[in-house]
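To be precise, the following lines are run-v5.txt, and they hold compact mmCIF, C-alpha atoms and all ligand atoms.
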```
# COMPACT_ATOMS: atom_id res chain seq x y z
CA MET A 16 0.00 0.00 0.00
CA SER A 17 1.25 3.50 -0.82
CA LYS A 18 1.95 5.96 1.98
CA LYS A 19 -0.96 8.28 2.78
CA PHE A 20 -0.67 11.73 1.16
CA LYS A 21 -3.67 13.88 1.92
CA ILE A 22 -4.47 17.27 0.44
CA VAL A 23 -7.47 19.23 1.71
CA THR A 24 -8.84 22.10 -0.37
CA ILE A 25 -11.04 24.56 1.48
CA GLY A 26 -13.35 26.28 -0.98
CA GLY A 27 -13.33 23.08 -3.05
CA GLY A 28 -16.48 24.11 -4.96
CA SER A 29 -14.54 26.94 -6.67
CA SER A 30 -14.60 27.01 -10.46
CA TYR A 31 -10.77 26.94 -10.26
CA THR A 32 -10.70 23.44 -8.70
CA PRO A 33 -10.35 21.57 -12.05
CA GLU A 34 -7.07 23.51 -12.51
CA LEU A 35 -5.78 22.17 -9.24
CA VAL A 36 -6.89 18.63 -10.04
CA GLU A 37 -5.18 18.85 -13.44
CA GLY A 38 -2.00 20.13 -11.74
CA ILE A 39 -1.96 17.22 -9.29
CA ILE A 40 -2.60 14.65 -12.04
CA LYS A 41 0.19 16.12 -14.21
CA ARG A 42 2.69 15.79 -11.36
CA TYR A 43 1.45 12.53 -9.90
CA ASP A 44 4.94 10.98 -10.18
CA LYS A 45 6.34 13.75 -7.95
CA ILE A 46 3.38 14.23 -5.63
CA PRO A 47 1.68 10.84 -5.20
CA VAL A 48 -1.49 12.16 -3.59
CA THR A 49 -3.70 9.41 -2.17
CA GLU A 50 -6.63 11.56 -0.98
CA LEU A 51 -7.95 14.91 -2.17
CA TRP A 52 -10.65 16.32 0.10
CA LEU A 53 -12.76 19.12 -1.37
CA VAL A 54 -14.52 21.02 1.39
CA ASP A 55 -17.14 23.73 1.14
CA VAL A 56 -19.98 25.35 3.03
CA GLU A 57 -23.54 24.02 2.75
CA ALA A 58 -24.56 27.08 0.71
CA GLY A 59 -22.10 25.93 -1.96
CA ARG A 60 -23.44 22.37 -2.12
CA GLU A 61 -24.52 22.47 -5.76
CA LYS A 62 -21.14 23.81 -6.89
CA LEU A 63 -19.14 21.34 -4.80
CA GLU A 64 -21.13 18.35 -6.06
CA THR A 65 -20.64 19.49 -9.67
CA VAL A 66 -16.92 20.21 -9.34
CA GLY A 67 -16.41 17.04 -7.26
CA ALA A 68 -18.04 14.85 -9.90
CA LEU A 69 -15.82 16.41 -12.58
CA ALA A 70 -12.73 15.88 -10.39
CA LYS A 71 -13.67 12.19 -10.07
CA ARG A 72 -14.05 11.87 -13.84
CA MET A 73 -10.68 13.60 -14.41
CA VAL A 74 -8.89 11.26 -12.00
CA LYS A 75 -10.55 8.22 -13.55
CA LYS A 76 -9.58 9.27 -17.07
CA ALA A 77 -5.99 9.87 -15.96
CA GLY A 78 -5.92 6.46 -14.29
CA VAL A 79 -4.31 7.71 -11.08
CA PRO A 80 -5.35 6.18 -7.73
CA ILE A 81 -6.42 9.43 -6.02
CA GLU A 82 -9.54 9.20 -3.87
CA ILE A 83 -11.72 12.30 -4.15
CA HIS A 84 -13.76 13.07 -1.02
CA LEU A 85 -16.42 15.79 -0.80
CA SER A 86 -17.18 17.24 2.60
CA TYR A 87 -19.16 20.00 4.31
CA ASP A 88 -17.44 19.32 7.60
CA ARG A 89 -14.11 21.15 7.70
CA ARG A 90 -12.98 19.44 10.89
CA GLU A 91 -13.63 15.97 9.51
CA ALA A 92 -11.72 16.84 6.35
CA LEU A 93 -8.71 18.46 8.05
CA LYS A 94 -7.87 15.46 10.23
CA ASP A 95 -4.27 14.36 9.49
CA ALA A 96 -3.93 16.45 6.31
CA ASP A 97 -0.45 16.88 4.83
CA PHE A 98 -1.25 20.02 2.82
CA VAL A 99 -4.21 22.38 3.17
CA THR A 100 -4.95 24.71 0.28
CA ILE A 101 -7.36 27.60 0.86
CA GLN A 102 -9.28 29.22 -1.99
CA LEU A 103 -12.44 30.46 -0.37
CA ARG A 104 -14.44 33.61 -1.10
CA VAL A 105 -16.49 34.90 1.83
CA GLY A 106 -19.80 36.17 0.41
CA GLN A 107 -18.98 34.74 -3.03
CA LEU A 108 -19.03 36.86 -6.18
CA ALA A 109 -21.98 38.96 -4.98
CA ALA A 110 -19.71 40.41 -2.26
CA ARG A 111 -16.97 41.04 -4.85
CA ALA A 112 -19.45 42.97 -6.99
CA LEU A 113 -20.18 45.24 -4.01
CA ASP A 114 -16.42 45.70 -3.41
CA GLU A 115 -16.09 46.89 -6.98
CA ARG A 116 -19.28 48.92 -7.34
CA ILE A 117 -19.57 50.86 -4.07
CA PRO A 118 -16.18 52.64 -4.35
CA LEU A 119 -16.98 53.57 -7.96
CA LYS A 120 -20.17 55.27 -6.78
CA HIS A 121 -17.84 57.52 -4.75
CA GLY A 122 -15.59 58.13 -7.75
CA VAL A 123 -12.69 55.89 -6.69
CA ILE A 124 -11.38 52.61 -8.09
CA GLY A 125 -13.17 49.51 -6.86
CA GLN A 126 -11.05 46.40 -7.23
CA GLU A 127 -10.99 42.96 -5.68
CA THR A 128 -7.62 43.36 -3.94
CA ASN A 129 -6.81 47.06 -4.17
CA GLY A 130 -8.14 50.16 -2.40
CA ALA A 131 -11.53 49.87 -0.70
CA GLY A 132 -12.37 46.53 -2.36
CA GLY A 133 -9.17 44.95 -1.12
CA LEU A 134 -9.74 46.39 2.34
CA PHE A 135 -13.22 44.89 2.63
CA LYS A 136 -12.16 41.56 1.20
CA ALA A 137 -9.52 41.48 3.94
CA LEU A 138 -12.04 42.42 6.64
CA ARG A 139 -14.39 39.59 5.63
CA THR A 140 -11.70 36.99 5.05
CA ILE A 141 -9.08 37.31 7.79
CA PRO A 142 -11.28 36.11 10.71
CA VAL A 143 -12.29 33.02 8.72
CA ILE A 144 -8.65 32.22 7.94
CA LEU A 145 -7.72 32.61 11.61
CA ASP A 146 -10.46 30.09 12.51
CA ILE A 147 -9.03 27.65 9.97
CA CYS A 148 -5.55 28.14 11.45
CA LYS A 149 -6.89 27.14 14.89
CA GLU A 150 -8.45 24.00 13.45
CA VAL A 151 -5.23 23.10 11.62
CA GLU A 152 -3.27 23.57 14.84
CA GLU A 153 -5.58 21.07 16.52
CA LEU A 154 -6.25 18.53 13.76
CA CYS A 155 -3.17 18.47 11.49
CA PRO A 156 -0.42 20.51 13.17
CA ASP A 157 2.30 19.33 10.78
CA ALA A 158 0.42 20.34 7.64
CA TRP A 159 1.51 23.14 5.35
CA ILE A 160 -1.16 25.71 4.54
CA ILE A 161 -0.97 27.13 1.03
CA ASN A 162 -3.30 30.05 0.66
CA PHE A 163 -4.57 31.54 -2.60
CA THR A 164 -7.44 33.41 -0.96
CA ASN A 165 -7.21 37.11 -1.63
CA PRO A 166 -5.94 39.49 -0.54
CA ALA A 167 -3.20 36.86 -0.32
CA GLY A 168 -0.50 39.11 1.15
CA MET A 169 -2.68 40.46 3.95
CA VAL A 170 -4.12 37.02 4.67
CA THR A 171 -0.60 35.59 4.98
CA GLU A 172 0.56 38.33 7.30
CA ALA A 173 -2.57 37.99 9.46
CA ALA A 174 -2.02 34.24 9.81
CA LEU A 175 1.68 34.66 10.63
CA ARG A 176 1.04 37.38 13.22
CA TYR A 177 -2.24 36.31 14.77
CA SER A 178 -2.22 32.50 14.72
CA ASN A 179 0.17 29.87 16.04
CA ILE A 180 0.70 28.45 12.57
CA LYS A 181 4.15 28.94 11.12
CA ARG A 182 3.74 26.67 8.09
CA PHE A 183 1.65 29.19 6.16
CA ILE A 184 2.55 30.30 2.62
CA GLY A 185 0.71 32.80 0.44
CA LEU A 186 0.64 32.02 -3.23
CA CYS A 187 -0.26 34.13 -6.22
CA ASN A 188 -0.19 33.49 -9.94
CA ILE A 189 1.03 36.99 -10.85
CA PRO A 190 4.79 36.27 -10.64
CA ILE A 191 4.54 32.96 -12.50
CA GLY A 192 2.27 34.68 -15.05
CA MET A 193 4.92 37.39 -15.54
CA GLU A 194 7.63 34.79 -16.08
CA MET A 195 5.48 32.87 -18.54
CA GLY A 196 4.37 36.06 -20.31
CA ILE A 197 7.95 37.30 -20.66
CA ALA A 198 9.13 33.90 -21.92
CA LYS A 199 6.43 34.15 -24.58
CA LEU A 200 7.52 37.68 -25.57
CA LEU A 201 11.10 36.45 -25.85
CA ASN A 202 9.86 33.39 -27.72
CA VAL A 203 11.79 31.00 -25.48
CA ASP A 204 10.88 28.14 -23.19
CA TYR A 205 9.68 29.28 -19.79
CA SER A 206 12.34 27.23 -17.98
CA ARG A 207 15.04 29.56 -19.37
CA VAL A 208 13.60 32.72 -17.80
CA ARG A 209 14.07 33.79 -14.19
CA ILE A 210 12.93 36.96 -12.51
CA ASP A 211 14.10 38.26 -9.14
CA PHE A 212 10.87 39.35 -7.49
CA ALA A 213 10.46 41.70 -4.55
CA GLY A 214 7.58 43.65 -3.05
CA LEU A 215 4.15 42.72 -1.79
CA ASN A 216 1.31 40.69 -3.22
CA HIS A 217 -0.20 42.48 -6.23
CA MET A 218 2.50 45.09 -5.61
CA VAL A 219 5.47 43.05 -6.76
CA PHE A 220 8.24 44.17 -9.11
CA GLY A 221 10.66 42.18 -11.20
CA LEU A 222 13.98 43.69 -10.14
CA GLU A 223 15.95 41.67 -12.68
CA VAL A 224 15.04 39.39 -15.59
CA TYR A 225 17.45 36.72 -16.78
CA LEU A 226 17.46 34.56 -19.87
CA ASP A 227 19.83 31.66 -19.29
CA GLY A 228 21.34 33.66 -16.45
CA VAL A 229 22.06 36.80 -18.51
CA SER A 230 20.12 40.01 -17.81
CA VAL A 231 17.51 40.90 -20.45
CA LYS A 232 15.73 43.51 -18.35
CA GLU A 233 16.30 46.38 -20.77
CA LYS A 234 14.99 44.37 -23.68
CA VAL A 235 11.89 43.33 -21.69
CA LEU A 236 11.26 46.94 -20.63
CA GLU A 237 11.33 47.93 -24.32
CA MET A 238 8.89 45.12 -25.14
CA ILE A 239 6.33 46.06 -22.49
CA MET A 240 6.24 49.60 -23.89
CA ASP A 241 3.99 48.08 -26.54
CA PRO A 242 0.45 48.31 -25.09
CA ALA A 243 -0.30 44.79 -26.33
CA ASN A 244 2.35 43.54 -23.89
CA ALA A 245 1.58 45.82 -20.95
CA SER A 246 -0.44 43.32 -18.84
CA PHE A 247 0.16 39.68 -18.06
CA VAL A 248 -3.29 38.76 -16.67
CA LYS A 249 -6.73 38.35 -18.19
CA ASN A 250 -8.52 40.36 -15.52
CA ILE A 251 -6.67 43.65 -16.13
CA ASP A 252 -6.97 45.55 -19.40
CA ALA A 253 -3.78 47.52 -19.33
CA GLU A 254 -3.11 51.03 -20.51
CA GLU A 255 0.05 51.97 -22.39
CA TRP A 256 3.05 52.80 -20.17
CA ALA A 257 4.98 56.00 -20.89
CA PRO A 258 8.41 54.81 -22.15
CA GLU A 259 10.06 57.55 -20.09
CA PHE A 260 8.46 56.18 -16.92
CA LEU A 261 9.49 52.60 -17.63
CA LYS A 262 13.06 53.62 -18.39
CA GLY A 263 13.22 55.63 -15.20
CA ILE A 264 11.71 53.04 -12.90
CA ASN A 265 14.00 50.41 -14.43
CA VAL A 266 12.18 47.40 -12.94
CA ILE A 267 9.30 45.35 -14.34
CA PRO A 268 5.94 46.42 -12.89
CA CYS A 269 3.15 43.88 -12.37
CA SER A 270 -0.28 44.36 -13.94
CA TYR A 271 -1.79 45.75 -10.73
CA HIS A 272 0.59 48.73 -10.86
CA HIS A 273 -1.62 50.21 -13.54
CA TYR A 274 -4.05 51.13 -10.74
CA TYR A 275 -1.37 53.21 -9.01
CA TYR A 276 0.60 54.76 -11.85
CA LYS A 277 -2.34 55.24 -14.25
CA THR A 278 -5.10 55.86 -11.74
CA SER A 279 -7.18 58.29 -13.79
CA GLU A 280 -7.27 56.11 -16.94
CA MET A 281 -8.06 52.99 -14.94
CA LEU A 282 -10.83 54.83 -13.08
CA GLU A 283 -12.31 56.09 -16.35
CA ARG A 284 -12.37 52.54 -17.71
CA ALA A 285 -13.90 51.18 -14.51
CA LEU A 286 -16.63 53.85 -14.53
CA LYS A 287 -17.65 52.74 -18.03
CA ASP A 288 -17.84 49.13 -16.80
CA PHE A 289 -19.88 50.33 -13.83
CA GLU A 290 -22.40 52.06 -16.13
CA SER A 291 -22.78 48.99 -18.34
CA ASN A 292 -22.90 46.53 -15.39
CA GLU A 293 -19.69 44.95 -16.59
CA THR A 294 -17.38 45.28 -13.63
CA ARG A 295 -15.01 42.32 -13.40
CA ALA A 296 -17.21 40.55 -10.81
CA GLU A 297 -20.18 40.83 -13.14
CA VAL A 298 -18.18 39.53 -16.10
CA VAL A 299 -16.82 36.68 -13.98
CA GLN A 300 -20.34 35.76 -12.80
CA LYS A 301 -21.23 35.11 -16.45
CA ILE A 302 -18.01 33.19 -17.14
CA GLU A 303 -18.74 31.07 -14.05
CA GLU A 304 -22.28 30.27 -15.17
CA SER A 305 -21.02 28.96 -18.49
CA LEU A 306 -18.13 27.11 -16.81
CA PHE A 307 -20.51 25.33 -14.46
CA GLU A 308 -22.76 24.43 -17.35
CA LYS A 309 -19.74 22.73 -18.93
CA TYR A 310 -18.74 21.08 -15.66
CA ARG A 311 -22.22 19.53 -15.40
CA ASP A 312 -21.72 17.72 -18.71
CA GLU A 313 -21.05 14.13 -17.69
CA THR A 314 -18.93 13.48 -20.76
CA LEU A 315 -16.43 16.19 -19.73
CA ASP A 316 -13.37 14.64 -18.09
CA ILE A 317 -10.65 17.27 -18.56
CA LYS A 318 -10.21 20.90 -17.51
CA PRO A 319 -12.16 22.94 -20.08
CA PRO A 320 -10.01 25.53 -21.91
CA GLU A 321 -12.55 28.29 -21.03
CA LEU A 322 -11.10 28.29 -17.52
CA GLU A 323 -8.15 30.16 -18.97
CA LYS A 324 -10.38 33.22 -19.40
CA ARG A 325 -10.06 33.71 -15.65
CA GLY A 326 -7.34 35.86 -14.15
CA GLY A 327 -6.08 33.00 -12.00
CA ALA A 328 -4.58 31.01 -14.88
CA TYR A 329 -1.45 29.01 -13.86
CA TYR A 330 -2.31 29.11 -10.19
CA SER A 331 -2.45 25.34 -10.01
CA ASP A 332 0.96 25.11 -11.63
CA ALA A 333 2.25 27.44 -8.96
CA ALA A 334 0.53 25.45 -6.20
CA CYS A 335 1.55 22.01 -7.38
CA ARG A 336 5.17 22.92 -8.04
CA LEU A 337 5.29 24.41 -4.53
CA ILE A 338 3.81 21.27 -2.95
CA SER A 339 6.23 19.17 -4.96
CA SER A 340 9.25 21.27 -3.95
CA ILE A 341 8.38 21.06 -0.24
CA TYR A 342 7.59 17.35 -0.43
CA ASN A 343 10.75 16.56 -2.42
CA ASP A 344 13.02 19.19 -0.81
CA THR A 345 14.08 20.39 -4.26
CA ARG A 346 15.61 23.75 -3.21
CA ASP A 347 14.52 25.49 -6.39
CA ILE A 348 13.53 29.17 -6.50
CA GLN A 349 9.90 30.29 -6.47
CA PRO A 350 8.22 33.64 -5.72
CA LEU A 351 5.98 33.42 -2.63
CA ASN A 352 4.40 35.39 0.18
CA THR A 353 6.23 34.63 3.37
CA VAL A 354 7.65 36.31 6.43
CA ASN A 355 10.28 38.90 5.47
CA LYS A 356 12.89 38.14 8.16
CA GLY A 357 15.08 40.96 6.87
CA ALA A 358 15.22 39.82 3.23
CA ILE A 359 13.90 43.21 2.09
CA SER A 360 15.23 46.04 4.21
CA GLY A 361 12.87 48.89 4.97
CA LEU A 362 9.89 46.52 5.39
CA PRO A 363 8.83 45.01 8.73
CA TYR A 364 10.94 42.04 9.82
CA ASP A 365 7.92 39.97 10.83
CA GLY A 366 5.56 41.10 8.06
CA ALA A 367 4.69 39.23 4.85
CA VAL A 368 6.46 40.07 1.60
CA GLU A 369 6.27 38.61 -1.90
CA VAL A 370 9.78 37.58 -2.78
CA SER A 371 11.79 34.92 -4.62
CA CYS A 372 12.52 32.09 -2.18
CA VAL A 373 14.47 28.86 -2.09
CA ILE A 374 11.97 26.06 -1.36
CA THR A 375 13.04 23.39 1.11
CA LYS A 376 11.21 20.70 3.06
CA ASP A 377 11.19 23.17 5.95
CA GLY A 378 9.54 25.82 3.81
CA PRO A 379 10.56 28.91 1.85
CA VAL A 380 13.79 30.77 2.60
CA PRO A 381 13.60 34.27 1.06
CA LEU A 382 16.55 35.42 -1.04
CA THR A 383 18.25 38.50 0.33
CA ILE A 384 17.16 41.55 -1.64
CA GLY A 385 18.51 44.34 0.56
CA GLU A 386 17.22 47.83 -0.15
CA LEU A 387 14.47 48.32 -2.67
CA PRO A 388 15.19 50.70 -5.57
CA VAL A 389 14.32 54.28 -4.60
CA PRO A 390 11.59 54.78 -7.27
CA VAL A 391 9.45 51.91 -5.91
CA ARG A 392 10.36 51.89 -2.22
CA GLY A 393 7.90 54.57 -1.10
CA LEU A 394 4.82 53.03 -2.72
CA ILE A 395 5.61 49.58 -1.34
CA GLN A 396 6.09 50.99 2.15
CA THR A 397 2.83 52.93 1.93
CA ILE A 398 0.93 49.80 0.86
CA LYS A 399 2.51 47.86 3.72
CA SER A 400 1.23 50.51 6.17
CA PHE A 401 -2.20 50.19 4.59
CA GLU A 402 -2.05 46.40 4.90
CA GLN A 403 -0.96 46.35 8.51
CA THR A 404 -3.64 48.85 9.53
CA ALA A 405 -6.27 46.88 7.59
CA ILE A 406 -5.22 43.63 9.29
CA GLU A 407 -5.56 45.26 12.71
CA ALA A 408 -9.00 46.54 11.68
CA ALA A 409 -10.03 43.01 10.65
CA VAL A 410 -8.78 41.37 13.83
CA GLU A 411 -10.20 44.01 16.20
CA GLY A 412 -13.38 44.77 14.22
CA SER A 413 -12.36 48.44 14.30
CA ARG A 414 -14.21 50.98 12.11
CA GLU A 415 -11.64 53.66 13.00
CA LYS A 416 -8.74 51.51 11.82
CA ALA A 417 -10.60 50.61 8.63
CA ILE A 418 -11.02 54.34 7.93
CA LEU A 419 -7.37 55.00 8.73
CA ALA A 420 -6.26 52.16 6.42
CA LEU A 421 -8.32 53.51 3.56
CA THR A 422 -7.05 57.05 4.07
CA ILE A 423 -3.45 55.76 3.95
CA ASN A 424 -4.20 53.94 0.69
CA PRO A 425 -3.10 56.02 -2.33
CA LEU A 426 -6.31 55.20 -4.22
CA VAL A 427 -8.42 57.08 -1.61
CA ALA A 428 -6.34 59.95 -0.37
CA ASN A 429 -9.09 61.86 1.43
CA ASP A 430 -10.16 61.21 5.01
CA LYS A 431 -13.84 62.16 4.71
CA LEU A 432 -14.24 60.18 1.52
CA ALA A 433 -12.74 57.19 3.36
CA VAL A 434 -15.32 57.62 6.14
CA ALA A 435 -18.21 57.67 3.66
CA ILE A 436 -16.96 54.62 1.75
CA VAL A 437 -16.16 52.57 4.85
CA ASP A 438 -19.56 53.28 6.40
CA GLU A 439 -21.44 52.33 3.25
CA MET A 440 -19.38 49.18 2.78
CA LEU A 441 -19.66 48.10 6.42
CA GLU A 442 -23.42 48.26 6.08
CA ALA A 443 -23.43 46.42 2.73
CA HIS A 444 -21.23 43.58 4.03
CA LYS A 445 -22.71 43.48 7.55
CA GLU A 446 -23.63 39.81 7.31
CA TYR A 447 -19.96 38.83 6.82
CA LEU A 448 -18.43 41.18 9.37
CA PRO A 449 -19.37 39.76 12.79
CA ARG A 450 -16.37 41.34 14.52
CA PHE A 451 -17.65 44.80 13.58
CA PHE A 452 -21.25 44.29 14.55
CA ASN A 453 -21.28 42.02 17.62
C1 LIG B 501 -5.23 37.48 -10.88
C2 LIG B 501 -4.82 37.53 -9.45
C3 LIG B 501 -5.66 36.69 -8.57
C4 LIG B 501 -7.11 36.99 -8.81
C5 LIG B 501 -7.46 36.82 -10.27
C6 LIG B 501 -8.85 37.29 -10.55
O1 LIG B 501 -4.77 36.36 -11.46
O2 LIG B 501 -3.49 37.21 -9.25
O3 LIG B 501 -5.33 36.97 -7.25
O4 LIG B 501 -7.92 36.14 -8.04
O5 LIG B 501 -6.61 37.56 -11.06
O6 LIG B 501 -9.29 36.72 -11.72
P1 LIG B 501 -10.83 36.81 -12.13
O7 LIG B 501 -10.95 36.03 -13.37
O8 LIG B 501 -11.62 36.26 -10.97
O9 LIG B 501 -11.10 38.28 -12.31
```
Please, can you express the file's structure as structure tokens?
Ligand code: G6P
Amino acid sequence: MSKKFKIVTIGGGSSYTPELVEGIIKRYDKIPVTELWLVDVEAGREKLETVGALAKRMVKKAGVPIEIHLSYDRREALKDADFVTIQLRVGQLAARALDERIPLKHGVIGQETNGAGGLFKALRTIPVILDICKEVEELCPDAWIINFTNPAGMVTEAALRYSNIKRFIGLCNIPIGMEMGIAKLLNVDYSRVRIDFAGLNHMVFGLEVYLDGVSVKEKVLEMIMDPANASFVKNIDAEEWAPEFLKGINVIPCSYHHYYYKTSEMLERALKDFESNETRAEVVQKIEESLFEKYRDETLDIKPPELEKRGGAYYSDAACRLISSIYNDTRDIQPLNTVNKGAISGLPYDGAVEVSCVITKDGPVPLTIGELPVPVRGLIQTIKSFEQTAIEAAVEGSREKAILALTINPLVANDKLAVAIVDEMLEAHKEYLPRFFN
């Protein structure tokens, strides 16, 4: 009999789950998973049953001996897990639509992980993650938690500061998407490209880009001056960068930087989407409906290509290669959200950063970056202040700290506007904010 290898996925009914299942199947020789437990809340029963049935068909077609279990009992599922992946969305897409639409009503950008939207996603999510950490501590204390739940940086820092779990890693597809996108621009195999990443989640920069170990940063900067190459994710329609700006900044921005360096254009775009009821949450709701229709087809036994229309493409590759590297102690380099421990100077020692790390069986060891380049240091530090204040607001259920966080955030630089937005959003998300209302 093979040794038990149990992965538990919380938020298993997500439309992204077939990606994860495909990733595990592809790497079965390196990660011989024996049990995959997909867990969800009762309200997500229909989705979990649909995704679970597809997962079972995918495993059967691949001919790998992975048992798929569906569960609505998180405690039952977590017992003796080896890896726990978290991909939940408190309040589902309806809550995301409010995160995007309410700020726009006040004339500021509404986005899932940035500004007011990111703040409220953090306020709803962090207490749930801290509950999961307590359960992991009790039921599978040796497990690694790999979190994709947004805002992934804030969630990681909250878990590291406010739970007893140390084996907690935040994962995002943005860095891997940048590496893959740049490999495509250079027309080379992805394995030949390496980027040194540093910053925060959705606020990460490529400080250097290497092709076979030789810097190609200047060439890549030239290439991303072309608007067709300015974004690496499906969920952000990028605007053209000013070549002068890119030359000056001299590092590779991620797609989310468009919100900070091109705020007025991005706001204008978002307001049009608001008017036509096509904010990203609304678009994604439609994509999800058609994805689930496909998933229900009993002849489907692979991941449907339509899933690649979602912004989270490659996340399962990132997750499975991370699980494999920890399990096999491969000591390769991967960009992750983990505790800084002095890798990036000028950011808190015990806070979370997104940085290239060496992956060992004992977890990620961040590469030493030292000081951040002057042109990007200030923005990163400001966002870290926003994040830390937002995390405190989430843990304490503090309206004042939520207002302070939003006022610190560069997308809402006005105190009274922050008060108005926070109050409207607290009311709208009341159901998912027990720490603020009890
Ligand atoms: C990017 C981000 C993810 C985010 C996703 C949204 O890939 O890195 O953190 O969840 O986009 O994609 P969606 O298709 O839901 O808009």
Check your understanding: Near Glu402 (chain A), within 10 Å and counting all atoms listed in the file, which residues show up once chain neighbours fewer than 3 positions away are dropped, as a ChimeraX atom specification?
Key -> /A:133-134,137,166,168-170,172-173,215,366-367,396-399,405-408,420-421,423-424
Review point. Hey, which of A:Leu186, A:Ile101, A:Val143, A:Arg311 ends up closest to Arg336 (chain A)? Count only C-alpha atoms.
Key: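 Among A:Leu186, A:Ile101, A:Val143, A:Arg311, it is A:Leu186 that comes nearest to Arg336 (chain A).
Comparing the minimum interatomic distances between ligand LIG 501 (chain B) and each of A:Asp227, A:Glu194, A:Asp316, A:Glu303, counting all atoms listed in the file, we find that A:Glu303 sits nearest.
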Kindly provide the residues of chain A that approach ligand LIG 501 (chain B) to within 7 Å, each paired with its closest atom pair and their distance in Å to one decimal, based on all atoms listed in the file, listed by chain and increasing number, as JSON lines.
```
{"residue": "A:Asn165", "atom": "CA", "partner": "B:LIG501", "partner_atom": "O3", "distance": 5.9}
{"residue": "A:Cys187", "atom": "CA", "partner": "B:LIG501", "partner_atom": "O2", "distance": 5.4}
{"residue": "A:Asn188", "atom": "CA", "partner": "B:LIG501", "partner_atom": "O2", "distance": 5.0}
{"residue": "A:Ile189", "atom": "CA", "partner": "B:LIG501", "partner_atom": "O2", "distance": 4.8}
{"residue": "A:His217", "atom": "CA", "partner": "B:LIG501", "partner_atom": "O2", "distance": 6.9}
{"residue": "A:Val248", "atom": "CA", "partner": "B:LIG501", "partner_atom": "O1", "distance": 5.9}
{"residue": "A:Lys249", "atom": "CA", "partner": "B:LIG501", "partner_atom": "O7", "distance": 6.8}
{"residue": "A:Asn250", "atom": "CA", "partner": "B:LIG501", "partner_atom": "O9", "distance": 4.6}
{"residue": "A:Arg295", "atom": "CA", "partner": "B:LIG501", "partner_atom": "O9", "distance": 5.7}
{"residue": "A:Ala296", "atom": "CA", "partner": "B:LIG501", "partner_atom": "O9", "distance": 6.7}
{"residue": "A:Val299", "atom": "CA", "partner": "B:LIG501", "partner_atom": "O7", "distance": 5.9}
{"residue": "A:Lys324", "atom": "CA", "partner": "B:LIG501", "partner_atom": "O7", "distance": 6.7}
{"residue": "A:Arg325", "atom": "CA", "partner": "B:LIG501", "partner_atom": "O7", "distance": 3.4}
{"residue": "A:Gly326", "atom": "CA", "partner": "B:LIG501", "partner_atom": "O6", "distance": 3.2}
{"residue": "A:Gly327", "atom": "CA", "partner": "B:LIG501", "partner_atom": "O1", "distance": 3.6}
{"residue": "A:Ala328", "atom": "CA", "partner": "B:LIG501", "partner_atom": "O1", "distance": 6.4}
```
Exercise for review: Considering all atoms listed in the file, state which residue in the set A:Lys234, A:Ser413, A:Lys120, A:Gln300 is at the smallest distance from Leu108 (chain A).
Suggested key: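 Smallest separation from Leu108 (chain A) among the options: A:Gln300.
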Report, as AutoDock Vina command-line options, the axis-aligned box around all atoms of region 286-296 of chain A present in the file, extended by 3 Å on each side; give centre and edge lengths in Å to one decimal place.
```
--center_x -19.0 --center_y 47.2 --center_z -14.6 --size_x 13.9 --size_y 19.3 --size_z 13.5
```
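Across the structure, CA of Gly106 (chain A) and CA of Gly125 (chain A) are spaced 16.6 Å apart.
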Would you tabulate, counting all atoms listed in the file, all residues of region 202-253 of chain A that have an atom at most 10 Å from an atom of region 342-364 of chain A, showing the closest pair of atoms and their distance in Å to one decimal, sorted by chain then ascending number, as a Markdown table?
```
| residue | atom | partner | partner_atom | distance |
| --- | --- | --- | --- | --- |
| A:Arg209 | CA | A:Ile348 | CA | 9.0 |
| A:Ile210 | CA | A:Pro350 | CA | 8.9 |
| A:Asp211 | CA | A:Pro350 | CA | 8.2 |
| A:Phe212 | CA | A:Pro350 | CA | 6.5 |
| A:Ala213 | CA | A:Ile359 | CA | 7.6 |
| A:Gly214 | CA | A:Ile359 | CA | 8.2 |
| A:Leu215 | CA | A:Asn352 | CA | 7.6 |
| A:Asn216 | CA | A:Asn352 | CA | 7.0 |
| A:Val219 | CA | A:Pro350 | CA | 9.9 |
```
Point to revise | Within 9 Å of Trp256 (chain A) using all atoms listed in the file, minus same-chain residues under 2 positions, as a ChimeraX atom specification | key: /A:239-242,245,253-254,258-261,273,276-277
Revision key, fill the gap. One decimal place gives the CA of Ile338 (chain A)-CA of His272 (chain A) separation as 28.8 Å
Practice item. Name the residues in contact with Tyr310 (chain A) at a cut-off of 12 Å, using all atoms listed in the file, excluding same-chain residues fewer than 2 positions from it; report them as an MDAnalysis selection string. Key: chainID A and resid 28:33 61:73 303:308 312:322
Exercise for review: With a distance cut-off of 10 Å and only C-alpha atoms, select the neighbouring residues of Arg111 (chain A), excluding the residue or stretch itself and same-chain residues fewer than 4 positions from it, and output the selection as a PyMOL selection string.
Suggested key: chain A and resi 104-107+115-116+125-128+132-133+135-136+294-297
Practice item. For CA of Val266 (chain A) and CA of Leu236 (chain A), quote the distance in Å rounded to one decimal. Key: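 Going from CA of Val266 (chain A) over to CA of Leu236 (chain A), I get 7.8 Å.
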Practice item. For Val54 (chain A), please output as a VMD selection string all residues within 7 Å (counting all atoms listed in the file; exclusion window: fewer than 3 positions along the same chain). Key: chain A and resid 24 to 27 85 to 87 89
